[in-house]
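Peer 1: Got a file for you: structure-v4.cif, mmCIF, C-alpha atoms.
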data_input
#
loop_
_atom_site.group_PDB
_atom_site.id
_atom_site.type_symbol
_atom_site.label_atom_id
_atom_site.label_comp_id
_atom_site.auth_asym_id
_atom_site.auth_seq_id
_atom_site.Cartn_x
_atom_site.Cartn_y
_atom_site.Cartn_z
ATOM 1 C CA MET A 1 56.767 -100.882 -0.193
ATOM 2 C CA ASP A 2 56.846 -104.640 -0.565
ATOM 3 C CA HIS A 3 53.166 -105.130 -1.504
ATOM 4 C CA LEU A 4 53.249 -108.927 -1.082
ATOM 5 C CA LEU A 5 54.435 -108.589 2.512
ATOM 6 C CA LYS A 6 51.842 -105.884 3.083
ATOM 7 C CA VAL A 7 49.060 -108.191 1.914
ATOM 8 C CA LEU A 8 50.337 -111.025 4.128
ATOM 9 C CA LEU A 9 50.377 -108.752 7.161
ATOM 10 C CA ILE A 10 46.822 -107.600 6.445
ATOM 11 C CA LEU A 11 45.683 -111.224 6.244
ATOM 12 C CA VAL A 12 47.388 -112.007 9.550
ATOM 13 C CA PHE A 13 46.107 -109.003 11.512
ATOM 14 C CA PHE A 14 42.653 -108.644 9.925
ATOM 15 C CA PRO A 15 40.965 -111.356 12.046
ATOM 16 C CA ALA A 16 42.244 -109.703 15.231
ATOM 17 C CA TRP A 17 40.863 -106.329 14.157
ATOM 18 C CA ILE A 18 37.491 -107.907 13.462
ATOM 19 C CA ALA A 19 37.464 -109.724 16.822
ATOM 20 C CA LEU A 20 38.210 -106.475 18.636
ATOM 21 C CA ASN A 21 35.632 -104.550 16.589
ATOM 22 C CA VAL A 22 38.254 -102.130 15.306
ATOM 23 C CA PRO A 23 37.136 -99.707 12.566
ATOM 24 C CA TYR A 24 39.474 -99.399 9.627
ATOM 25 C CA PRO A 25 39.280 -96.537 7.108
ATOM 26 C CA ASP A 26 40.485 -96.826 3.539
ATOM 27 C CA VAL A 27 43.425 -94.523 4.251
ATOM 28 C CA PHE A 28 45.037 -97.241 6.400
ATOM 29 C CA PHE A 29 45.265 -99.749 3.585
ATOM 30 C CA LEU A 30 45.485 -97.578 0.509
ATOM 31 C CA ASP A 31 48.330 -95.101 0.971
ATOM 32 C CA LYS A 32 49.695 -95.679 -2.530
ATOM 33 C CA ARG A 33 51.980 -92.670 -2.695
ATOM 34 C CA GLU A 34 55.564 -93.173 -3.763
ATOM 35 C CA PHE A 35 58.175 -93.120 -1.011
ATOM 36 C CA ASP A 36 59.892 -89.783 -0.524
ATOM 37 C CA GLN A 37 63.583 -90.480 -1.157
ATOM 38 C CA THR A 38 64.908 -86.990 -0.410
ATOM 39 C CA VAL A 39 65.267 -87.157 3.394
ATOM 40 C CA PHE A 40 66.117 -90.735 4.431
ATOM 41 C CA GLY A 41 67.334 -93.739 2.477
ATOM 42 C CA ASN A 42 66.267 -97.367 2.368
ATOM 43 C CA GLN A 43 66.387 -99.913 5.155
ATOM 44 C CA VAL A 44 69.767 -101.165 6.412
ATOM 45 C CA ALA A 45 69.736 -104.324 8.547
ATOM 46 C CA VAL A 46 71.936 -103.903 11.632
ATOM 47 C CA GLY A 47 71.234 -107.345 13.088
ATOM 48 C CA PRO A 48 69.479 -109.096 15.983
ATOM 49 C CA LEU A 49 69.771 -107.884 19.566
ATOM 50 C CA GLU A 50 72.295 -109.666 21.750
ATOM 51 C CA ASN A 51 69.859 -109.842 24.673
ATOM 52 C CA LYS A 52 67.199 -112.276 23.508
ATOM 53 C CA LYS A 53 64.892 -111.348 26.391
ATOM 54 C CA LEU A 54 63.891 -108.181 24.552
ATOM 55 C CA LYS A 55 61.631 -110.028 22.119
ATOM 56 C CA GLU A 56 58.360 -108.053 22.365
ATOM 57 C CA ALA A 57 59.863 -104.620 21.789
ATOM 58 C CA SER A 58 57.037 -102.129 21.647
ATOM 59 C CA GLY A 59 59.145 -99.031 22.268
ATOM 60 C CA MET A 60 62.690 -97.694 22.169
ATOM 61 C CA ALA A 61 64.375 -94.329 22.674
ATOM 62 C CA PHE A 62 67.936 -93.019 22.513
ATOM 63 C CA SER A 63 69.809 -91.870 25.579
ATOM 64 C CA LEU A 64 70.697 -88.197 25.764
ATOM 65 C CA ARG A 65 73.488 -88.907 28.256
ATOM 66 C CA TYR A 66 75.342 -91.788 26.593
ATOM 67 C CA ASP A 67 76.317 -91.656 22.932
ATOM 68 C CA GLY A 68 74.716 -94.365 20.798
ATOM 69 C CA VAL A 69 72.822 -95.976 23.693
ATOM 70 C CA ILE A 70 69.183 -97.068 23.396
ATOM 71 C CA TYR A 71 66.550 -97.986 25.978
ATOM 72 C CA GLY A 72 63.845 -100.488 25.034
ATOM 73 C CA HIS A 73 61.122 -102.496 26.724
ATOM 74 C CA ASN A 74 58.732 -105.392 26.193
ATOM 75 C CA ASP A 75 54.969 -104.950 26.191
ATOM 76 C CA SER A 76 52.112 -106.237 28.364
ATOM 77 C CA GLY A 77 52.700 -108.903 30.963
ATOM 78 C CA SER A 78 56.490 -108.786 30.769
ATOM 79 C CA SER A 79 58.784 -107.865 33.638
ATOM 80 C CA PRO A 80 59.063 -104.142 34.479
ATOM 81 C CA ARG A 81 62.508 -103.816 32.923
ATOM 82 C CA LEU A 82 64.233 -101.469 30.544
ATOM 83 C CA TYR A 83 66.759 -103.157 28.273
ATOM 84 C CA ILE A 84 69.828 -101.147 27.325
ATOM 85 C CA PHE A 85 71.695 -101.746 24.064
ATOM 86 C CA ASP A 86 73.769 -99.884 21.510
ATOM 87 C CA THR A 87 73.254 -99.140 17.814
ATOM 88 C CA LEU A 88 74.789 -102.500 16.896
ATOM 89 C CA GLY A 89 72.446 -104.418 19.195
ATOM 90 C CA ASN A 90 75.051 -105.163 21.884
ATOM 91 C CA ASP A 91 73.684 -105.718 25.396
ATOM 92 C CA LEU A 92 74.532 -102.972 27.921
ATOM 93 C CA GLY A 93 72.467 -104.064 30.910
ATOM 94 C CA THR A 94 68.970 -103.573 32.324
ATOM 95 C CA ILE A 95 67.023 -101.337 34.678
ATOM 96 C CA ARG A 96 64.260 -102.862 36.784
ATOM 97 C CA LEU A 97 61.634 -100.344 37.828
ATOM 98 C CA LYS A 98 60.806 -100.946 41.491
ATOM 99 C CA ASP A 99 57.300 -101.276 42.951
ATOM 100 C CA VAL A 100 55.516 -101.200 39.578
ATOM 101 C CA TYR A 101 54.423 -103.833 37.092
ATOM 102 C CA ASN A 102 54.140 -103.871 33.332
ATOM 103 C CA ARG A 103 50.385 -103.798 32.712
ATOM 104 C CA ASP A 104 50.913 -102.736 29.115
ATOM 105 C CA TRP A 105 54.019 -100.673 28.400
ATOM 106 C CA GLU A 106 53.821 -99.491 24.804
ATOM 107 C CA ASP A 107 56.298 -96.684 24.194
ATOM 108 C CA ILE A 108 59.198 -94.789 25.717
ATOM 109 C CA ALA A 109 60.744 -91.328 25.403
ATOM 110 C CA VAL A 110 63.818 -89.557 26.725
ATOM 111 C CA GLY A 111 63.868 -85.839 27.375
ATOM 112 C CA PRO A 112 63.859 -83.005 29.896
ATOM 113 C CA GLY A 113 62.517 -83.139 33.416
ATOM 114 C CA PRO A 114 62.664 -81.346 36.757
ATOM 115 C CA ASP A 115 66.471 -81.047 36.895
ATOM 116 C CA PRO A 116 67.770 -79.077 33.879
ATOM 117 C CA GLN A 117 71.170 -80.742 34.287
ATOM 118 C CA ARG A 118 69.756 -84.239 33.735
ATOM 119 C CA SER A 119 67.761 -86.122 31.129
ATOM 120 C CA TYR A 120 64.903 -88.450 31.995
ATOM 121 C CA ILE A 121 63.387 -91.699 30.736
ATOM 122 C CA TYR A 122 59.590 -91.807 30.381
ATOM 123 C CA VAL A 123 57.778 -95.127 29.987
ATOM 124 C CA GLY A 124 54.232 -95.035 28.625
ATOM 125 C CA GLU A 125 51.910 -97.587 30.210
ATOM 126 C CA ILE A 126 49.281 -96.604 27.669
ATOM 127 C CA GLY A 127 48.156 -99.861 26.033
ATOM 128 C CA ASP A 128 44.542 -100.947 26.497
ATOM 129 C CA ASN A 129 43.501 -103.440 23.826
ATOM 130 C CA ARG A 130 39.970 -103.812 25.170
ATOM 131 C CA GLY A 131 39.407 -100.216 26.248
ATOM 132 C CA GLN A 132 38.818 -101.223 29.859
ATOM 133 C CA TRP A 133 41.191 -99.221 32.042
ATOM 134 C CA LYS A 134 40.003 -96.068 33.822
ATOM 135 C CA SER A 135 43.477 -94.545 33.729
ATOM 136 C CA ILE A 136 46.918 -94.895 32.158
ATOM 137 C CA ARG A 137 50.357 -94.021 33.507
ATOM 138 C CA ILE A 138 53.661 -92.459 32.542
ATOM 139 C CA LEU A 139 56.644 -93.599 34.621
ATOM 140 C CA ARG A 140 59.721 -91.377 35.025
ATOM 141 C CA ILE A 141 63.300 -92.030 36.111
ATOM 142 C CA ALA A 142 66.468 -90.021 35.604
ATOM 143 C CA GLU A 143 68.955 -91.555 33.209
ATOM 144 C CA PRO A 144 71.299 -93.761 35.276
ATOM 145 C CA ASP A 145 74.762 -92.640 36.372
ATOM 146 C CA SER A 146 76.336 -95.801 34.942
ATOM 147 C CA LEU A 147 75.549 -98.708 32.637
ATOM 148 C CA GLY A 148 75.981 -102.465 32.986
ATOM 149 C CA GLY A 149 74.424 -105.235 35.030
ATOM 150 C CA GLU A 150 70.939 -104.744 36.450
ATOM 151 C CA GLN A 151 69.996 -101.600 38.327
ATOM 152 C CA ARG A 152 66.854 -101.126 40.420
ATOM 153 C CA ILE A 153 65.244 -97.670 40.380
ATOM 154 C CA GLU A 154 61.905 -96.543 41.778
ATOM 155 C CA PRO A 155 60.040 -94.356 39.248
ATOM 156 C CA GLU A 156 57.822 -91.359 39.708
ATOM 157 C CA VAL A 157 54.305 -92.086 38.454
ATOM 158 C CA LEU A 158 51.903 -89.790 36.610
ATOM 159 C CA LYS A 159 48.320 -91.058 36.424
ATOM 160 C CA LEU A 160 46.331 -89.845 33.405
ATOM 161 C CA LYS A 161 42.731 -90.080 32.250
ATOM 162 C CA TYR A 162 41.163 -89.469 28.840
ATOM 163 C CA PRO A 163 38.373 -86.873 28.708
ATOM 164 C CA ASP A 164 36.218 -89.143 26.507
ATOM 165 C CA GLY A 165 36.702 -92.626 27.938
ATOM 166 C CA ALA A 166 39.286 -95.385 27.716
ATOM 167 C CA ARG A 167 41.523 -95.572 24.655
ATOM 168 C CA ASP A 168 44.192 -97.938 23.369
ATOM 169 C CA ALA A 169 47.466 -96.214 22.480
ATOM 170 C CA GLU A 170 50.981 -97.277 21.556
ATOM 171 C CA THR A 171 52.629 -93.929 20.784
ATOM 172 C CA LEU A 172 54.177 -91.633 23.399
ATOM 173 C CA MET A 173 56.149 -88.608 22.202
ATOM 174 C CA LEU A 174 57.790 -85.820 24.182
ATOM 175 C CA ASP A 175 58.265 -82.369 22.663
ATOM 176 C CA PRO A 176 61.461 -80.898 24.184
ATOM 177 C CA VAL A 177 60.473 -77.400 23.051
ATOM 178 C CA SER A 178 57.073 -77.093 24.752
ATOM 179 C CA ARG A 179 57.811 -79.824 27.346
ATOM 180 C CA THR A 180 54.581 -81.567 26.389
ATOM 181 C CA PHE A 181 53.699 -85.258 26.123
ATOM 182 C CA TYR A 182 51.689 -86.401 23.112
ATOM 183 C CA ILE A 183 49.825 -89.708 23.177
ATOM 184 C CA LEU A 184 48.418 -91.053 19.907
ATOM 185 C CA THR A 185 45.690 -93.698 19.935
ATOM 186 C CA LYS A 186 45.835 -96.898 17.926
ATOM 187 C CA ARG A 187 42.420 -98.549 17.549
ATOM 188 C CA ASP A 188 40.262 -95.524 16.744
ATOM 189 C CA SER A 189 39.064 -95.205 13.136
ATOM 190 C CA LEU A 190 41.547 -92.341 12.894
ATOM 191 C CA SER A 191 44.432 -92.151 15.362
ATOM 192 C CA THR A 192 43.634 -89.364 17.835
ATOM 193 C CA LEU A 193 46.206 -87.099 19.496
ATOM 194 C CA TYR A 194 46.044 -86.139 23.191
ATOM 195 C CA GLN A 195 48.429 -83.948 25.180
ATOM 196 C CA VAL A 196 49.543 -83.084 28.715
ATOM 197 C CA GLY A 197 52.463 -81.025 30.033
ATOM 198 C CA ILE A 198 55.476 -82.460 31.865
ATOM 199 C CA ASP A 199 54.599 -80.308 34.870
ATOM 200 C CA ALA A 200 51.607 -82.598 35.495
ATOM 201 C CA PHE A 201 54.079 -84.831 37.369
ATOM 202 C CA GLU A 202 53.966 -82.279 40.191
ATOM 203 C CA GLN A 203 50.280 -83.092 40.829
ATOM 204 C CA LYS A 204 50.742 -86.823 40.075
ATOM 205 C CA GLU A 205 47.362 -86.942 38.274
ATOM 206 C CA ALA A 206 45.951 -85.085 35.262
ATOM 207 C CA MET A 207 43.313 -85.130 32.557
ATOM 208 C CA LEU A 208 44.565 -85.427 28.991
ATOM 209 C CA GLU A 209 43.451 -82.839 26.446
ATOM 210 C CA LYS A 210 42.109 -84.055 23.106
ATOM 211 C CA VAL A 211 43.890 -82.236 20.281
ATOM 212 C CA MET A 212 43.163 -83.641 16.800
ATOM 213 C CA GLU A 213 42.719 -86.664 14.558
ATOM 214 C CA LEU A 214 45.381 -87.752 12.091
ATOM 215 C CA PRO A 215 44.634 -89.152 8.601
ATOM 216 C CA PHE A 216 45.619 -92.754 9.396
ATOM 217 C CA THR A 217 45.015 -95.392 12.054
ATOM 218 C CA MET A 218 46.794 -98.214 13.955
ATOM 219 C CA ALA A 219 49.680 -95.940 15.037
ATOM 220 C CA THR A 220 52.235 -98.126 16.842
ATOM 221 C CA GLY A 221 55.055 -95.713 17.685
ATOM 222 C CA GLY A 222 56.516 -92.275 17.210
ATOM 223 C CA ASP A 223 59.348 -89.941 18.116
ATOM 224 C CA ILE A 224 60.258 -86.255 18.104
ATOM 225 C CA SER A 225 63.884 -85.374 17.362
ATOM 226 C CA VAL A 226 66.143 -84.123 20.151
ATOM 227 C CA ASP A 227 65.842 -80.505 18.958
ATOM 228 C CA GLY A 228 62.083 -80.795 18.344
ATOM 229 C CA SER A 229 62.408 -80.071 14.620
ATOM 230 C CA GLU A 230 61.275 -83.430 13.169
ATOM 231 C CA ILE A 231 58.522 -85.946 13.873
ATOM 232 C CA LEU A 232 58.177 -89.639 13.004
ATOM 233 C CA ILE A 233 55.014 -91.723 13.437
ATOM 234 C CA ARG A 234 54.650 -95.314 12.272
ATOM 235 C CA ASN A 235 52.034 -97.992 11.909
ATOM 236 C CA TYR A 236 52.490 -101.552 10.675
ATOM 237 C CA PHE A 237 52.797 -100.511 7.021
ATOM 238 C CA SER A 238 54.141 -96.963 6.847
ATOM 239 C CA VAL A 239 56.493 -94.424 8.411
ATOM 240 C CA TYR A 240 55.290 -90.809 8.281
ATOM 241 C CA TYR A 241 57.580 -87.786 8.579
ATOM 242 C CA TRP A 242 57.035 -84.083 9.292
ATOM 243 C CA LYS A 243 59.496 -81.174 9.386
ATOM 244 C CA ARG A 244 58.716 -78.489 11.965
ATOM 245 C CA MET A 245 59.067 -74.827 11.086
ATOM 246 C CA GLU A 246 60.179 -72.209 13.594
ATOM 247 C CA GLY A 247 57.369 -71.165 15.927
ATOM 248 C CA GLU A 248 55.084 -74.089 15.072
ATOM 249 C CA SER A 249 53.422 -76.238 17.704
ATOM 250 C CA ILE A 250 53.290 -80.012 17.293
ATOM 251 C CA PRO A 251 49.564 -79.870 16.315
ATOM 252 C CA ASP A 252 50.445 -77.194 13.720
ATOM 253 C CA VAL A 253 53.017 -79.527 12.204
ATOM 254 C CA LEU A 254 50.771 -82.598 12.234
ATOM 255 C CA SER A 255 48.021 -80.626 10.476
ATOM 256 C CA ARG A 256 50.109 -80.765 7.297
ATOM 257 C CA PRO A 257 50.267 -83.862 5.065
ATOM 258 C CA PRO A 258 53.297 -85.986 5.995
ATOM 259 C CA LEU A 259 55.979 -87.387 3.771
ATOM 260 C CA LEU A 260 55.889 -91.163 3.329
ATOM 261 C CA LEU A 261 59.379 -92.468 4.108
ATOM 262 C CA PRO A 262 60.971 -95.607 2.662
ATOM 263 C CA TYR A 263 59.932 -98.580 4.810
ATOM 264 C CA ARG A 264 59.847 -102.345 4.454
ATOM 265 C CA PRO A 265 57.249 -103.800 6.878
ATOM 266 C CA GLU A 266 58.515 -105.890 9.787
ATOM 267 C CA PRO A 267 56.747 -108.882 11.403
ATOM 268 C CA GLN A 268 55.073 -106.554 13.935
ATOM 269 C CA GLY A 269 56.864 -103.242 13.749
ATOM 270 C CA GLU A 270 56.183 -100.918 16.671
ATOM 271 C CA ALA A 271 59.378 -99.261 17.976
ATOM 272 C CA ILE A 272 60.964 -96.263 16.241
ATOM 273 C CA ALA A 273 63.514 -93.655 17.354
ATOM 274 C CA PHE A 274 65.543 -90.773 15.966
ATOM 275 C CA HIS A 275 69.290 -90.946 16.591
ATOM 276 C CA PRO A 276 70.244 -87.796 18.588
ATOM 277 C CA ASN A 277 72.972 -86.987 16.052
ATOM 278 C CA GLY A 278 70.241 -86.475 13.433
ATOM 279 C CA LYS A 279 71.888 -88.799 10.918
ATOM 280 C CA SER A 280 69.416 -91.697 11.074
ATOM 281 C CA TYR A 281 66.418 -93.289 12.703
ATOM 282 C CA LEU A 282 66.033 -96.911 13.825
ATOM 283 C CA THR A 283 63.136 -99.367 13.961
ATOM 284 C CA LEU A 284 62.570 -102.616 15.826
ATOM 285 C CA SER A 285 59.800 -105.222 15.700
ATOM 286 C CA GLU A 286 58.195 -107.533 18.186
ATOM 287 C CA LYS A 287 58.877 -111.229 17.618
ATOM 288 C CA ARG A 288 56.219 -112.802 15.386
ATOM 289 C CA PHE A 289 55.990 -115.927 13.215
ATOM 290 C CA ARG A 290 59.134 -117.250 15.014
ATOM 291 C CA ILE A 291 61.125 -114.471 13.349
ATOM 292 C CA ARG A 292 63.765 -113.008 15.660
ATOM 293 C CA PRO A 293 63.569 -109.192 15.752
ATOM 294 C CA ILE A 294 66.126 -107.302 13.699
ATOM 295 C CA LEU A 295 67.324 -103.784 14.439
ATOM 296 C CA TYR A 296 67.021 -101.671 11.278
ATOM 297 C CA ARG A 297 68.529 -98.280 10.426
ATOM 298 C CA TYR A 298 67.462 -95.645 7.897
ATOM 299 C CA ASP A 299 70.228 -93.124 7.112
ATOM 300 C CA ARG A 300 69.706 -89.482 6.283
ATOM 301 C CA LYS A 301 70.683 -88.552 2.746
#
What does this structure look like when you write it as structure tokens?

Peer 2:
Amino acid sequence: MDHLLKVLLILVFFPAWIALNVPYPDVFFLDKREFDQTVFGNQVAVGPLENKKLKEASGMAFSLRYDGVIYGHNDSGSSPRLYIFDTLGNDLGTIRLKDVYNRDWEDIAVGPGPDPQRSYIYVGEIGDNRGQWKSIRILRIAEPDSLGGEQRIEPEVLKLKYPDGARDAETLMLDPVSRTFYILTKRDSLSTLYQVGIDAFEQKEAMLEKVMELPFTMATGGDISVDGSEILIRNYFSVYYWKRMEGESIPDVLSRPPLLLPYRPEPQGEAIAFHPNGKSYLTLSEKRFRIRPILYRYDRK
């Protein structure tokens, strides 16, 4: 890791953590392990996104219908749009979600849903910097039948509550094996994992189940591979990786120490996604310090 950049990022974000009364354990700052170089290689810069309106990218996920296509979104206060682009950053259109607003969209996933012949986009309205909201939401639409221009689609809405009070989260993952959503908190002293099944959409409301704490904090994004066999979780300074064994649940996997993947910190790195072909994963930052976000790729060895 570039330790100078790491120190600069700590100096930039530290006052905000203090102002928000965020606890910070030593493990967040002091993961001094060497990068594991056996699974994925070093960062490759793809380039900036063609559509400059996606400048606060807090989440992205690959399409399962269109090869090499990615859905992304801005965070709180932005328009309720999904931005569509390819692995080179080329603009492929937008989707405006009807009759909803972007209170604080923080992550996105693509996976199974009610129709086994289709794949679905799930948007996590899970951010809550001040811990003030009584509920959070996951929005669902089917992947569109075509790309290009701007489409308008009304989403299904799942309203969720935490069993132990409001939480701020930026990580939404969908396990295609168990058909379970996992939400990982950000501002707890240790990021805490909660879960709920996809079938909760049938009731439109549900209570999340608290599962476990992970040995780091400030989680800003995560993804589960299309076959459910690999997991990525990131914060501002690290990317963590787990390999799932046959028969394991996601909590089983996350109970093991992760590998620390090669990663060079971005201005405010939050989005991360596995490529469905299994050959790489990509990261994207929000715009900070007047630095235009760059799409980065990490190739499998």

Peer 1: Within 7 Å of stretch 159-171 of chain A, which residues of stretch 89-135 of chain A come that close, and what is the closest atom pair and distance in Å for each? Count all atoms listed in the file and give it as a Markdown table.

Peer 2:
| residue | atom | partner | partner_atom | distance |
| --- | --- | --- | --- | --- |
| A:Glu106 | CA | A:Glu170 | CA | 4.8 |
| A:Asp107 | CA | A:Thr171 | CA | 5.7 |
| A:Ile126 | CA | A:Ala169 | CA | 5.5 |
| A:Gly127 | CA | A:Ala169 | CA | 5.1 |
| A:Asp128 | CA | A:Asp168 | CA | 4.4 |
| A:Asn129 | CA | A:Asp168 | CA | 5.6 |
| A:Gly131 | CA | A:Ala166 | CA | 5.1 |
| A:Gln132 | CA | A:Ala166 | CA | 6.2 |
| A:Trp133 | CA | A:Ala166 | CA | 6.1 |
| A:Lys134 | CA | A:Ala166 | CA | 6.2 |
| A:Ser135 | CA | A:Lys161 | CA | 4.8 |

Peer 1: Hey, which of A:Phe201, A:Tyr296, A:Tyr281, A:Tyr236 ends up closest to A:Gln268? Count all atoms listed in the file.

Peer 2: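 Comparing A:Phe201, A:Tyr296, A:Tyr281, A:Tyr236 against A:Gln268, the winner is A:Tyr236.
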
Peer 1: Any idea what the distance is between atom CA of A:Lys98 and atom CA of A:Ser146?

Peer 2: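 Atom-to-atom, atom CA of A:Lys98 and atom CA of A:Ser146 are spaced 17.6 Å apart.
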
Peer 1: Rounded to one decimal, what separation in Å do you get between atom CA of A:Trp242 and atom CA of A:Val196?

Peer 2: 20.8 Å

Peer 1: Which of these residues is nearest to A:Ala57, using all atoms listed in the file: A:Phe274, A:Tyr194, A:Tyr71, A:Tyr120?

Peer 2: A:Tyr71

Peer 1: Applying the PyMOL selection byres ((chain A and resi 32-47) around 12) to the file I just gave you, which residues come out? Please list them as a ChimeraX atom specification.

Peer 2: /A:1-3,6,26-31,48-51,86-90,230,232,237-243,257-266,274,278-285,292-301

Peer 1: Pick from A:Asp75, A:Asp104, A:Glu156, A:Glu202: nearest to A:Arg130, with only C-alpha atoms counted?

Peer 2: A:Asp104

Peer 1: What does the distance between atom CA of A:Met212 and atom CA of A:Gly197 come to in Å, to one decimal place?

Peer 2: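 Computing it gives 16.4 Å between the two atoms.
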
Peer 1: Pull the neighbourhood of (72.0, -101.1, 31.5) for me: all residues within 7 Å in file coordinates, counting all atoms listed in the file, as a PyMOL selection string.

Peer 2: chain A and resi 83-84+92-95+147-150

Peer 1: Write the residues of the selection above to a file with C-alpha atoms, as an mmCIF file, in the coordinates of the input.

Peer 2:
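Final file, result-v9.cif:
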data_model
loop_
_atom_site.group_PDB
_atom_site.id
_atom_site.type_symbol
_atom_site.label_atom_id
_atom_site.label_comp_id
_atom_site.auth_asym_id
_atom_site.auth_seq_id
_atom_site.Cartn_x
_atom_site.Cartn_y
_atom_site.Cartn_z
ATOM 1 C CA TYR A 83 66.759 -103.157 28.273
ATOM 2 C CA ILE A 84 69.828 -101.147 27.325
ATOM 3 C CA LEU A 92 74.532 -102.972 27.921
ATOM 4 C CA GLY A 93 72.467 -104.064 30.910
ATOM 5 C CA THR A 94 68.970 -103.573 32.324
ATOM 6 C CA ILE A 95 67.023 -101.337 34.678
ATOM 7 C CA LEU A 147 75.549 -98.708 32.637
ATOM 8 C CA GLY A 148 75.981 -102.465 32.986
ATOM 9 C CA GLY A 149 74.424 -105.235 35.030
ATOM 10 C CA GLU A 150 70.939 -104.744 36.450
#

Peer 1: Out of A:Asp145, A:Asp99, A:Glu246, A:Asp223, which residue has the shortest atom-to-atom distance to A:His275 when counting only C-alpha atoms?

Peer 2: A:Asp223

Peer 1: Please identify all polymer residues lying at most 12 Å from the point (55.9, -80.3, 24.9) (file coordinates), using only C-alpha atoms, and present the result as a PyMOL selection string.

Peer 2: chain A and resi 111-113+172-183+194-200+224+226-228+248-251

Peer 1: Under the rule that only C-alpha atoms are counted, which of A:Asp91, A:Leu97, A:Leu82, A:Thr185 is the nearest residue to A:Lys52?

Peer 2: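 Ranked by minimum distance to A:Lys52, first place goes to A:Asp91.
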
Peer 1: For the PyMOL selection byres ((chain A and resi 214) around 8), applied here, can you spell out every residue it catches as a list in words?

Peer 2: Leu190, Ser191, Thr192, Leu193, Met212, Glu213, Pro215, Phe216, Thr217, Leu254 and Ser255 of chain A

Peer 1: Name the residues that the PyMOL selection byres ((chain A and resi 271) around 6) picks from the file above, as a list in words, using the file's chain letters and numbers.

Peer 2: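 With the PyMOL selection byres ((chain A and resi 271) around 6) on this model, the match is Ser58, Gly59, Met60, Gly221, Glu270, Ile272, Thr283 and Leu284 of chain A.
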
Peer 1: Between A:Leu139, A:Ala61, A:Arg96, A:Gly269, which is the closest to A:Ile108 once you count all atoms listed in the file?

Peer 2: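 Closest to A:Ile108 of all the choices is A:Ala61.
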
Peer 1: For stretch 150-162 of chain A, I'd like the enclosing box, axis-aligned and padded by 5 Å on every side, reported as lines of an AutoDock Vina configuration file with centre and edge lengths in Å to one decimal.

Peer 2:
center_x = 56.1
center_y = -97.1
center_z = 35.3
size_x = 39.8
size_y = 25.3
size_z = 22.9
